[in-house]
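The structure under discussion appears below in the form of structure tokens.
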Amino acid sequence: MIKKALSAIAIAALALSAQAADVLKVGATAVPHAEILNHVKPALKAQGIDLQVKEFSDYVQPNAAVQDKQLDANFFQHQPYLDSYNRDRKTTLVAVPNGKIHVEPFGAYSSKIKNLKDLKDGATIAIPNDPSNGGRALILLAKQGLIELKDPKSLTPTPLDIAKNPKKLKFKELEAPLLPRALNDVEIALINTNYAIEAKLNPTKDALFIEGADSPYTNIVVARQDHANDASITKLINALRTPEMKKFILEKYKGAVVPAF
């Protein structure tokens, strides 16, 4: 009877121990965000954090899930996108303190031309259809001298804000995940690096042109205002911003993803 009682106590203790782990639910796009999060799981487990990563294939649902308290945080976006999302959806999501993790240099790709000098007048350019990433694409085109924008300082220009278009380029706005599939239908597609990598494109080798290291589009961890300073999220940030993680990012993505810490 004593042994049975001790066994029951041991089982109960193990159950309580398992329940004691803090569950942290974080949404992310598959590459590179979910890969990076999964890499820090063991470090967080050692600190009593059960990191559960939910993958998304678009840029809207991960924010909606955090806002609706289905998730504690997400990791997929940059500050201009978050600002645009909050403004359009009347939400108040915030970047977590010290939550700047990496930059994904934004690039232009083509299956039809190998050099910009071969771009014909009237060519069609595909860009993301959300304000922040669409604006990012136009800014990059302007830096290549293909267009001029009315306000060079704006981070969210649209095709209507093009002041000069000497090659009479046409613009096709698409959902960001669909841009790699459009490569056979347009002369150039401006593609977010996470979707480029998923499509087996190497930004450092395959891009016609790409953002420099001065890109302001740092990818951040995002949470609700009342949750941004929680201990579990702070531990996540600390785990993401270590020398070991910097080495992991540099070696795995070979310049397609650049640490921001």
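By order in the structure tokens, chains are A, B, ...; within a chain, residues start at 1; ligands start at 1, following the order shown.
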* All strand (DSSP E or B) residues (DSSP, backbone) inside range 56-249 of chain A, as an MDAnalysis selection string -> chainID A and resid 56 73:78 94:103 107:109 124:128 148:149 162:164 170:174 188:191 209:210 218:223
Restricting the output to N, CA and C atoms, write the selected residues as a tab-separated table (two decimals), in the first residue's frame.
chain	number	residue	atom	x	y	z
A	56	PHE	N	1.79	29.84	-40.88
A	56	PHE	CA	0.79	30.49	-41.73
A	56	PHE	C	1.39	30.71	-43.12
A	73	ALA	N	1.92	35.63	-29.63
A	73	ALA	CA	2.78	36.53	-30.41
A	73	ALA	C	2.90	36.00	-31.83
A	74	ASN	N	3.51	36.79	-32.70
A	74	ASN	CA	3.84	36.29	-34.03
A	74	ASN	C	5.18	36.84	-34.47
A	75	PHE	N	5.71	36.21	-35.51
A	75	PHE	CA	7.03	36.58	-36.02
A	75	PHE	C	7.01	36.37	-37.52
A	76	PHE	N	6.80	37.46	-38.28
A	76	PHE	CA	6.76	37.33	-39.75
A	76	PHE	C	6.88	38.66	-40.46
A	77	GLN	N	6.72	39.78	-39.74
A	77	GLN	CA	6.51	41.07	-40.39
A	77	GLN	C	7.52	42.12	-39.97
A	78	HIS	N	7.51	43.25	-40.69
A	78	HIS	CA	8.34	44.39	-40.33
A	78	HIS	C	7.42	45.52	-39.83
A	94	VAL	N	1.67	45.54	-31.07
A	94	VAL	CA	2.93	46.28	-30.90
A	94	VAL	C	4.14	45.38	-31.13
A	95	ALA	N	5.24	46.01	-31.50
A	95	ALA	CA	6.52	45.29	-31.56
A	95	ALA	C	6.99	45.05	-30.13
A	96	VAL	N	7.42	43.84	-29.86
A	96	VAL	CA	7.91	43.48	-28.53
A	96	VAL	C	9.25	44.20	-28.28
A	97	PRO	N	9.50	44.70	-27.06
A	97	PRO	CA	10.78	45.34	-26.76
A	97	PRO	C	11.97	44.47	-27.15
A	98	ASN	N	12.93	45.08	-27.84
A	98	ASN	CA	14.14	44.40	-28.33
A	98	ASN	C	13.80	43.27	-29.30
A	99	GLY	N	12.63	43.36	-29.93
A	99	GLY	CA	12.17	42.27	-30.78
A	99	GLY	C	12.62	42.32	-32.23
A	100	LYS	N	13.61	43.14	-32.56
A	100	LYS	CA	14.14	43.17	-33.92
A	100	LYS	C	15.09	41.99	-34.11
A	101	ILE	N	14.78	41.12	-35.07
A	101	ILE	CA	15.53	39.87	-35.20
A	101	ILE	C	16.39	39.82	-36.48
A	102	HIS	N	15.78	40.09	-37.64
A	102	HIS	CA	16.57	39.98	-38.86
A	102	HIS	C	15.96	40.82	-39.98
A	103	VAL	N	16.75	40.99	-41.02
A	103	VAL	CA	16.30	41.65	-42.25
A	103	VAL	C	16.35	40.63	-43.37
A	107	GLY	N	13.96	41.48	-53.01
A	107	GLY	CA	14.58	41.40	-54.33
A	107	GLY	C	13.60	41.35	-55.49
A	108	ALA	N	14.16	41.58	-56.68
A	108	ALA	CA	13.41	41.51	-57.94
A	108	ALA	C	13.90	40.31	-58.73
A	109	TYR	N	12.96	39.55	-59.29
A	109	TYR	CA	13.31	38.30	-59.97
A	109	TYR	C	12.65	38.26	-61.35
A	124	THR	N	5.54	44.42	-67.86
A	124	THR	CA	4.68	44.30	-66.68
A	124	THR	C	5.51	43.88	-65.48
A	125	ILE	N	5.33	44.60	-64.38
A	125	ILE	CA	6.05	44.34	-63.14
A	125	ILE	C	5.03	43.93	-62.08
A	126	ALA	N	5.25	42.79	-61.44
A	126	ALA	CA	4.36	42.33	-60.36
A	126	ALA	C	4.92	42.78	-59.02
A	127	ILE	N	4.05	43.34	-58.18
A	127	ILE	CA	4.45	43.81	-56.85
A	127	ILE	C	3.42	43.33	-55.83
A	128	PRO	N	3.79	43.28	-54.53
A	128	PRO	CA	2.80	42.90	-53.51
A	128	PRO	C	1.66	43.90	-53.46
A	148	GLU	N	10.28	57.30	-60.91
A	148	GLU	CA	10.49	58.34	-59.91
A	148	GLU	C	9.20	58.49	-59.12
A	149	LEU	N	9.32	58.66	-57.81
A	149	LEU	CA	8.15	58.79	-56.94
A	149	LEU	C	7.93	60.23	-56.54
A	162	ILE	N	3.55	57.40	-58.60
A	162	ILE	CA	4.68	57.44	-59.53
A	162	ILE	C	4.64	58.75	-60.30
A	163	ALA	N	5.71	59.53	-60.20
A	163	ALA	CA	5.78	60.82	-60.89
A	163	ALA	C	6.29	60.67	-62.31
A	164	LYS	N	7.27	59.77	-62.49
A	164	LYS	CA	7.84	59.55	-63.82
A	164	LYS	C	7.99	58.06	-64.07
A	170	LYS	N	4.03	48.68	-66.65
A	170	LYS	CA	2.70	48.37	-66.13
A	170	LYS	C	2.87	47.59	-64.83
A	171	PHE	N	1.96	47.83	-63.88
A	171	PHE	CA	2.11	47.20	-62.57
A	171	PHE	C	0.93	46.29	-62.27
A	172	LYS	N	1.26	45.08	-61.83
A	172	LYS	CA	0.26	44.08	-61.47
A	172	LYS	C	0.40	43.81	-59.98
A	173	GLU	N	-0.62	44.14	-59.20
A	173	GLU	CA	-0.56	43.97	-57.75
A	173	GLU	C	-1.18	42.63	-57.36
A	174	LEU	N	-0.40	41.80	-56.65
A	174	LEU	CA	-0.83	40.46	-56.28
A	174	LEU	C	-0.60	40.20	-54.80
A	188	ILE	N	9.12	41.08	-64.55
A	188	ILE	CA	9.80	41.13	-63.27
A	188	ILE	C	8.77	40.98	-62.15
A	189	ALA	N	9.11	40.25	-61.10
A	189	ALA	CA	8.28	40.18	-59.90
A	189	ALA	C	9.13	40.58	-58.70
A	190	LEU	N	8.61	41.48	-57.90
A	190	LEU	CA	9.26	41.88	-56.64
A	190	LEU	C	8.71	40.96	-55.55
A	191	ILE	N	9.58	40.13	-54.97
A	191	ILE	CA	9.11	39.05	-54.09
A	191	ILE	C	9.74	39.16	-52.71
A	209	PHE	N	18.07	42.49	-58.87
A	209	PHE	CA	18.60	43.51	-57.95
A	209	PHE	C	17.92	43.31	-56.60
A	210	ILE	N	18.55	43.81	-55.56
A	210	ILE	CA	18.10	43.52	-54.20
A	210	ILE	C	18.43	44.68	-53.28
A	218	THR	N	13.20	45.68	-40.84
A	218	THR	CA	13.63	44.63	-39.91
A	218	THR	C	12.44	43.80	-39.45
A	219	ASN	N	12.57	42.49	-39.49
A	219	ASN	CA	11.49	41.61	-39.03
A	219	ASN	C	11.45	41.59	-37.51
A	220	ILE	N	10.26	41.66	-36.95
A	220	ILE	CA	10.06	41.85	-35.51
A	220	ILE	C	9.11	40.80	-34.94
A	221	VAL	N	9.22	40.62	-33.63
A	221	VAL	CA	8.24	39.81	-32.88
A	221	VAL	C	7.16	40.75	-32.40
A	222	VAL	N	5.90	40.36	-32.58
A	222	VAL	CA	4.75	41.22	-32.31
A	222	VAL	C	3.80	40.55	-31.32
A	223	ALA	N	3.20	41.36	-30.45
A	223	ALA	CA	2.24	40.85	-29.46
A	223	ALA	C	1.18	41.91	-29.18
* Asked: Excluding same-chain residues fewer than 4 positions from Gln67 in chain A, what lies within 9 Å of it counting only C-alpha atoms, as a list in words?
  -> Pro62, Asn63, Leu71, Asp72, Thr91, Thr92, Leu93, Ala223 and Arg224 of chain A
* To do: Could you tell me which of A:Ala30, A:Leu119, A:Val23, A:Val186 comes closest to Ser232 in chain A if we count only C-alpha atoms?
  => A:Val23
* Suppose you want the space between CA of Asp68 in chain A and CA of Leu51 in chain A; what is it in Å? ->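 The value is 18.8 Å.
Across the model, the gap from CA of Leu82 in chain A to CA of Ile249 in chain A is 23.2 Å.
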Would you return as an mmCIF file with N, CA and C atoms, in the first residue's frame the members of range 18-190 of chain A that DSSP assigns to alpha helix (DSSP H) on this structure's backbone?
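The file below, selection-v1.cif, is the result:
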data_model
loop_
_atom_site.group_PDB
_atom_site.id
_atom_site.type_symbol
_atom_site.label_atom_id
_atom_site.label_comp_id
_atom_site.auth_asym_id
_atom_site.auth_seq_id
_atom_site.Cartn_x
_atom_site.Cartn_y
_atom_site.Cartn_z
ATOM 1 N N ALA A 18 4.875 18.689 -15.495
ATOM 2 C CA ALA A 18 4.577 18.885 -16.915
ATOM 3 C C ALA A 18 3.672 20.090 -17.117
ATOM 4 N N GLN A 19 2.708 20.260 -16.189
ATOM 5 C CA GLN A 19 1.777 21.377 -16.293
ATOM 6 C C GLN A 19 2.453 22.707 -15.974
ATOM 7 N N ALA A 20 3.577 22.652 -15.259
ATOM 8 C CA ALA A 20 4.233 23.882 -14.831
ATOM 9 C C ALA A 20 4.892 24.629 -15.978
ATOM 10 N N GLU A 35 11.359 28.291 -39.016
ATOM 11 C CA GLU A 35 12.613 27.559 -38.875
ATOM 12 C C GLU A 35 13.463 28.143 -37.744
ATOM 13 N N ILE A 36 13.510 29.465 -37.684
ATOM 14 C CA ILE A 36 14.282 30.130 -36.630
ATOM 15 C C ILE A 36 13.671 29.845 -35.262
ATOM 16 N N LEU A 37 12.346 29.927 -35.169
ATOM 17 C CA LEU A 37 11.672 29.656 -33.898
ATOM 18 C C LEU A 37 11.895 28.210 -33.447
ATOM 19 N N ASN A 38 11.769 27.288 -34.374
ATOM 20 C CA ASN A 38 11.966 25.874 -34.006
ATOM 21 C C ASN A 38 13.389 25.611 -33.526
ATOM 22 N N HIS A 39 14.331 26.398 -34.023
ATOM 23 C CA HIS A 39 15.720 26.200 -33.613
ATOM 24 C C HIS A 39 15.951 26.595 -32.155
ATOM 25 N N LYS A 41 13.666 26.233 -29.745
ATOM 26 C CA LYS A 41 12.794 25.451 -28.854
ATOM 27 C C LYS A 41 13.549 24.782 -27.711
ATOM 28 N N PRO A 42 14.666 24.094 -27.979
ATOM 29 C CA PRO A 42 15.376 23.421 -26.876
ATOM 30 C C PRO A 42 15.860 24.397 -25.806
ATOM 31 N N ALA A 43 16.360 25.552 -26.208
ATOM 32 C CA ALA A 43 16.839 26.544 -25.237
ATOM 33 C C ALA A 43 15.701 27.039 -24.358
ATOM 34 N N LEU A 44 14.531 27.218 -24.962
ATOM 35 C CA LEU A 44 13.376 27.682 -24.188
ATOM 36 C C LEU A 44 12.826 26.575 -23.291
ATOM 37 N N LYS A 45 12.864 25.350 -23.791
ATOM 38 C CA LYS A 45 12.389 24.224 -22.977
ATOM 39 C C LYS A 45 13.190 24.117 -21.689
ATOM 40 N N GLN A 61 -3.603 36.471 -41.351
ATOM 41 C CA GLN A 61 -4.078 35.603 -40.274
ATOM 42 C C GLN A 61 -3.209 35.626 -39.011
ATOM 43 N N PRO A 62 -1.866 35.693 -39.113
ATOM 44 C CA PRO A 62 -1.078 35.677 -37.879
ATOM 45 C C PRO A 62 -1.356 36.875 -36.972
ATOM 46 N N ASN A 63 -1.624 38.034 -37.567
ATOM 47 C CA ASN A 63 -1.974 39.199 -36.746
ATOM 48 C C ASN A 63 -3.374 39.063 -36.159
ATOM 49 N N ALA A 64 -4.305 38.567 -36.974
ATOM 50 C CA ALA A 64 -5.678 38.380 -36.482
ATOM 51 C C ALA A 64 -5.698 37.392 -35.317
ATOM 52 N N ALA A 65 -4.883 36.348 -35.405
ATOM 53 C CA ALA A 65 -4.846 35.331 -34.348
ATOM 54 C C ALA A 65 -4.265 35.880 -33.049
ATOM 55 N N VAL A 66 -3.298 36.784 -33.147
ATOM 56 C CA VAL A 66 -2.771 37.421 -31.934
ATOM 57 C C VAL A 66 -3.807 38.366 -31.348
ATOM 58 N N GLN A 67 -4.427 39.158 -32.194
ATOM 59 C CA GLN A 67 -5.449 40.091 -31.735
ATOM 60 C C GLN A 67 -6.597 39.360 -31.041
ATOM 61 N N GLN A 79 8.029 46.551 -39.255
ATOM 62 C CA GLN A 79 7.255 47.623 -38.627
ATOM 63 C C GLN A 79 6.334 48.366 -39.606
ATOM 64 N N PRO A 80 6.785 48.710 -40.828
ATOM 65 C CA PRO A 80 5.856 49.371 -41.753
ATOM 66 C C PRO A 80 4.606 48.546 -42.039
ATOM 67 N N TYR A 81 4.764 47.213 -42.141
ATOM 68 C CA TYR A 81 3.581 46.377 -42.369
ATOM 69 C C TYR A 81 2.674 46.405 -41.144
ATOM 70 N N LEU A 82 3.259 46.298 -39.955
ATOM 71 C CA LEU A 82 2.455 46.328 -38.728
ATOM 72 C C LEU A 82 1.702 47.643 -38.608
ATOM 73 N N ASP A 83 2.374 48.746 -38.899
ATOM 74 C CA ASP A 83 1.723 50.052 -38.832
ATOM 75 C C ASP A 83 0.536 50.120 -39.781
ATOM 76 N N SER A 84 0.738 49.612 -40.989
ATOM 77 C CA SER A 84 -0.334 49.608 -41.989
ATOM 78 C C SER A 84 -1.490 48.716 -41.543
ATOM 79 N N TYR A 85 -1.171 47.547 -40.989
ATOM 80 C CA TYR A 85 -2.201 46.624 -40.520
ATOM 81 C C TYR A 85 -3.015 47.251 -39.391
ATOM 82 N N ASN A 86 -2.332 47.830 -38.416
ATOM 83 C CA ASN A 86 -3.041 48.465 -37.293
ATOM 84 C C ASN A 86 -3.943 49.596 -37.768
ATOM 85 N N ARG A 87 -3.451 50.372 -38.706
ATOM 86 C CA ARG A 87 -4.231 51.498 -39.218
ATOM 87 C C ARG A 87 -5.477 51.009 -39.959
ATOM 88 N N ASP A 88 -5.324 49.999 -40.801
ATOM 89 C CA ASP A 88 -6.441 49.513 -41.613
ATOM 90 C C ASP A 88 -7.450 48.702 -40.809
ATOM 91 N N ARG A 89 -6.965 47.968 -39.787
ATOM 92 C CA ARG A 89 -7.837 47.053 -39.042
ATOM 93 C C ARG A 89 -8.265 47.613 -37.676
ATOM 94 N N PRO A 131 -0.046 47.714 -48.742
ATOM 95 C CA PRO A 131 0.590 49.033 -48.844
ATOM 96 C C PRO A 131 2.069 49.066 -48.492
ATOM 97 N N SER A 132 2.467 48.363 -47.431
ATOM 98 C CA SER A 132 3.866 48.476 -46.998
ATOM 99 C C SER A 132 4.808 47.752 -47.948
ATOM 100 N N ASN A 133 4.466 46.520 -48.345
ATOM 101 C CA ASN A 133 5.356 45.766 -49.229
ATOM 102 C C ASN A 133 5.270 46.236 -50.678
ATOM 103 N N GLY A 134 4.085 46.697 -51.081
ATOM 104 C CA GLY A 134 3.970 47.292 -52.410
ATOM 105 C C GLY A 134 4.803 48.559 -52.493
ATOM 106 N N GLY A 135 4.750 49.359 -51.433
ATOM 107 C CA GLY A 135 5.570 50.564 -51.378
ATOM 108 C C GLY A 135 7.043 50.234 -51.373
ATOM 109 N N ARG A 136 7.399 49.199 -50.650
ATOM 110 C CA ARG A 136 8.788 48.748 -50.589
ATOM 111 C C ARG A 136 9.290 48.380 -51.982
ATOM 112 N N ALA A 137 8.440 47.710 -52.769
ATOM 113 C CA ALA A 137 8.807 47.326 -54.127
ATOM 114 C C ALA A 137 9.027 48.552 -55.009
ATOM 115 N N LEU A 138 8.138 49.534 -54.902
ATOM 116 C CA LEU A 138 8.261 50.738 -55.728
ATOM 117 C C LEU A 138 9.508 51.533 -55.353
ATOM 118 N N ILE A 139 9.824 51.585 -54.058
ATOM 119 C CA ILE A 139 11.041 52.278 -53.613
ATOM 120 C C ILE A 139 12.276 51.616 -54.212
ATOM 121 N N LEU A 140 12.279 50.283 -54.245
ATOM 122 C CA LEU A 140 13.412 49.564 -54.808
ATOM 123 C C LEU A 140 13.519 49.814 -56.309
ATOM 124 N N LEU A 141 12.388 49.876 -57.003
ATOM 125 C CA LEU A 141 12.395 50.183 -58.440
ATOM 126 C C LEU A 141 12.905 51.596 -58.692
ATOM 127 N N ALA A 142 12.514 52.520 -57.804
ATOM 128 C CA ALA A 142 12.975 53.899 -57.934
ATOM 129 C C ALA A 142 14.489 53.995 -57.744
ATOM 130 N N LYS A 143 15.026 53.201 -56.829
ATOM 131 C CA LYS A 143 16.478 53.208 -56.587
ATOM 132 C C LYS A 143 17.249 52.688 -57.800
#
* To do: For range 195-198 of chain A, please output as number ranges by chain all residues within 10 Å (counting only C-alpha atoms; exclusion window: fewer than 2 positions along the same chain).
  => A: 29-32, 57-58, 106-109, 176-180, 190-193, 200-203, 206-207, 253, 256-257
Mind dumping the selected residues with N, CA and C atoms as an mmCIF file, in the first residue's frame?
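Final file, again.cif:
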data_model
loop_
_atom_site.group_PDB
_atom_site.id
_atom_site.type_symbol
_atom_site.label_atom_id
_atom_site.label_comp_id
_atom_site.auth_asym_id
_atom_site.auth_seq_id
_atom_site.Cartn_x
_atom_site.Cartn_y
_atom_site.Cartn_z
ATOM 1 N N THR A 29 5.376 32.664 -40.537
ATOM 2 C CA THR A 29 5.455 32.082 -41.872
ATOM 3 C C THR A 29 6.579 31.046 -41.863
ATOM 4 N N ALA A 30 6.483 30.093 -42.776
ATOM 5 C CA ALA A 30 7.330 28.895 -42.690
ATOM 6 C C ALA A 30 8.825 29.185 -42.764
ATOM 7 N N VAL A 31 9.218 29.958 -43.772
ATOM 8 C CA VAL A 31 10.642 30.222 -44.005
ATOM 9 C C VAL A 31 10.882 31.731 -44.037
ATOM 10 N N PRO A 32 11.805 32.246 -43.257
ATOM 11 C CA PRO A 32 12.668 31.538 -42.318
ATOM 12 C C PRO A 32 12.128 31.534 -40.890
ATOM 13 N N SER A 57 0.524 30.796 -44.122
ATOM 14 C CA SER A 57 1.003 31.017 -45.483
ATOM 15 C C SER A 57 0.673 32.408 -45.991
ATOM 16 N N ASP A 58 0.102 33.257 -45.119
ATOM 17 C CA ASP A 58 -0.226 34.616 -45.537
ATOM 18 C C ASP A 58 0.183 35.605 -44.450
ATOM 19 N N PHE A 106 14.881 42.526 -49.776
ATOM 20 C CA PHE A 106 13.793 42.370 -50.736
ATOM 21 C C PHE A 106 14.363 42.407 -52.153
ATOM 22 N N GLY A 107 13.960 41.478 -53.011
ATOM 23 C CA GLY A 107 14.579 41.400 -54.330
ATOM 24 C C GLY A 107 13.601 41.353 -55.486
ATOM 25 N N ALA A 108 14.158 41.584 -56.680
ATOM 26 C CA ALA A 108 13.406 41.512 -57.937
ATOM 27 C C ALA A 108 13.897 40.311 -58.731
ATOM 28 N N TYR A 109 12.963 39.546 -59.286
ATOM 29 C CA TYR A 109 13.306 38.303 -59.971
ATOM 30 C C TYR A 109 12.653 38.264 -61.354
ATOM 31 N N ALA A 176 1.098 38.646 -51.779
ATOM 32 C CA ALA A 176 2.525 38.335 -51.690
ATOM 33 C C ALA A 176 2.850 36.858 -51.928
ATOM 34 N N PRO A 177 2.079 35.889 -51.379
ATOM 35 C CA PRO A 177 2.431 34.479 -51.598
ATOM 36 C C PRO A 177 2.333 34.040 -53.060
ATOM 37 N N LEU A 178 1.581 34.793 -53.900
ATOM 38 C CA LEU A 178 1.372 34.401 -55.288
ATOM 39 C C LEU A 178 2.450 34.909 -56.231
ATOM 40 N N LEU A 179 3.310 35.797 -55.752
ATOM 41 C CA LEU A 179 4.279 36.444 -56.637
ATOM 42 C C LEU A 179 5.246 35.466 -57.321
ATOM 43 N N PRO A 180 5.777 34.444 -56.614
ATOM 44 C CA PRO A 180 6.671 33.522 -57.329
ATOM 45 C C PRO A 180 5.992 32.817 -58.500
ATOM 46 N N LEU A 190 8.606 41.478 -57.896
ATOM 47 C CA LEU A 190 9.257 41.875 -56.642
ATOM 48 C C LEU A 190 8.711 40.963 -55.554
ATOM 49 N N ILE A 191 9.582 40.132 -54.966
ATOM 50 C CA ILE A 191 9.115 39.054 -54.093
ATOM 51 C C ILE A 191 9.737 39.159 -52.705
ATOM 52 N N ASN A 192 8.893 39.068 -51.684
ATOM 53 C CA ASN A 192 9.400 39.013 -50.310
ATOM 54 C C ASN A 192 10.304 37.795 -50.164
ATOM 55 N N THR A 193 11.394 37.959 -49.420
ATOM 56 C CA THR A 193 12.412 36.918 -49.368
ATOM 57 C C THR A 193 11.888 35.605 -48.800
ATOM 58 N N LYS A 200 12.382 28.235 -53.829
ATOM 59 C CA LYS A 200 13.720 27.753 -54.208
ATOM 60 C C LYS A 200 14.514 28.801 -54.980
ATOM 61 N N LEU A 201 14.224 30.072 -54.728
ATOM 62 C CA LEU A 201 15.015 31.151 -55.303
ATOM 63 C C LEU A 201 16.055 31.580 -54.267
ATOM 64 N N ASN A 202 17.273 31.781 -54.699
ATOM 65 C CA ASN A 202 18.332 32.246 -53.810
ATOM 66 C C ASN A 202 18.501 33.747 -54.023
ATOM 67 N N PRO A 203 18.063 34.575 -53.052
ATOM 68 C CA PRO A 203 18.101 36.024 -53.255
ATOM 69 C C PRO A 203 19.473 36.569 -53.617
ATOM 70 N N ASP A 206 19.943 34.772 -57.423
ATOM 71 C CA ASP A 206 18.917 34.798 -58.465
ATOM 72 C C ASP A 206 18.269 36.163 -58.680
ATOM 73 N N ALA A 207 18.391 37.066 -57.726
ATOM 74 C CA ALA A 207 17.728 38.365 -57.849
ATOM 75 C C ALA A 207 18.414 39.236 -58.901
ATOM 76 N N TYR A 253 21.192 30.669 -44.072
ATOM 77 C CA TYR A 253 20.557 31.428 -45.150
ATOM 78 C C TYR A 253 21.550 32.140 -46.061
ATOM 79 N N ALA A 256 20.737 35.595 -47.436
ATOM 80 C CA ALA A 256 19.341 35.857 -47.787
ATOM 81 C C ALA A 256 18.559 36.375 -46.583
ATOM 82 N N VAL A 257 19.063 36.073 -45.391
ATOM 83 C CA VAL A 257 18.504 36.576 -44.134
ATOM 84 C C VAL A 257 19.695 37.107 -43.315
#
* Have a look at CA of Ser110 in chain A and CA of Ala199 in chain A and let me know their distance in Å, one decimal. =>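 Between CA of Ser110 in chain A and CA of Ala199 in chain A the gap is 12.9 Å.
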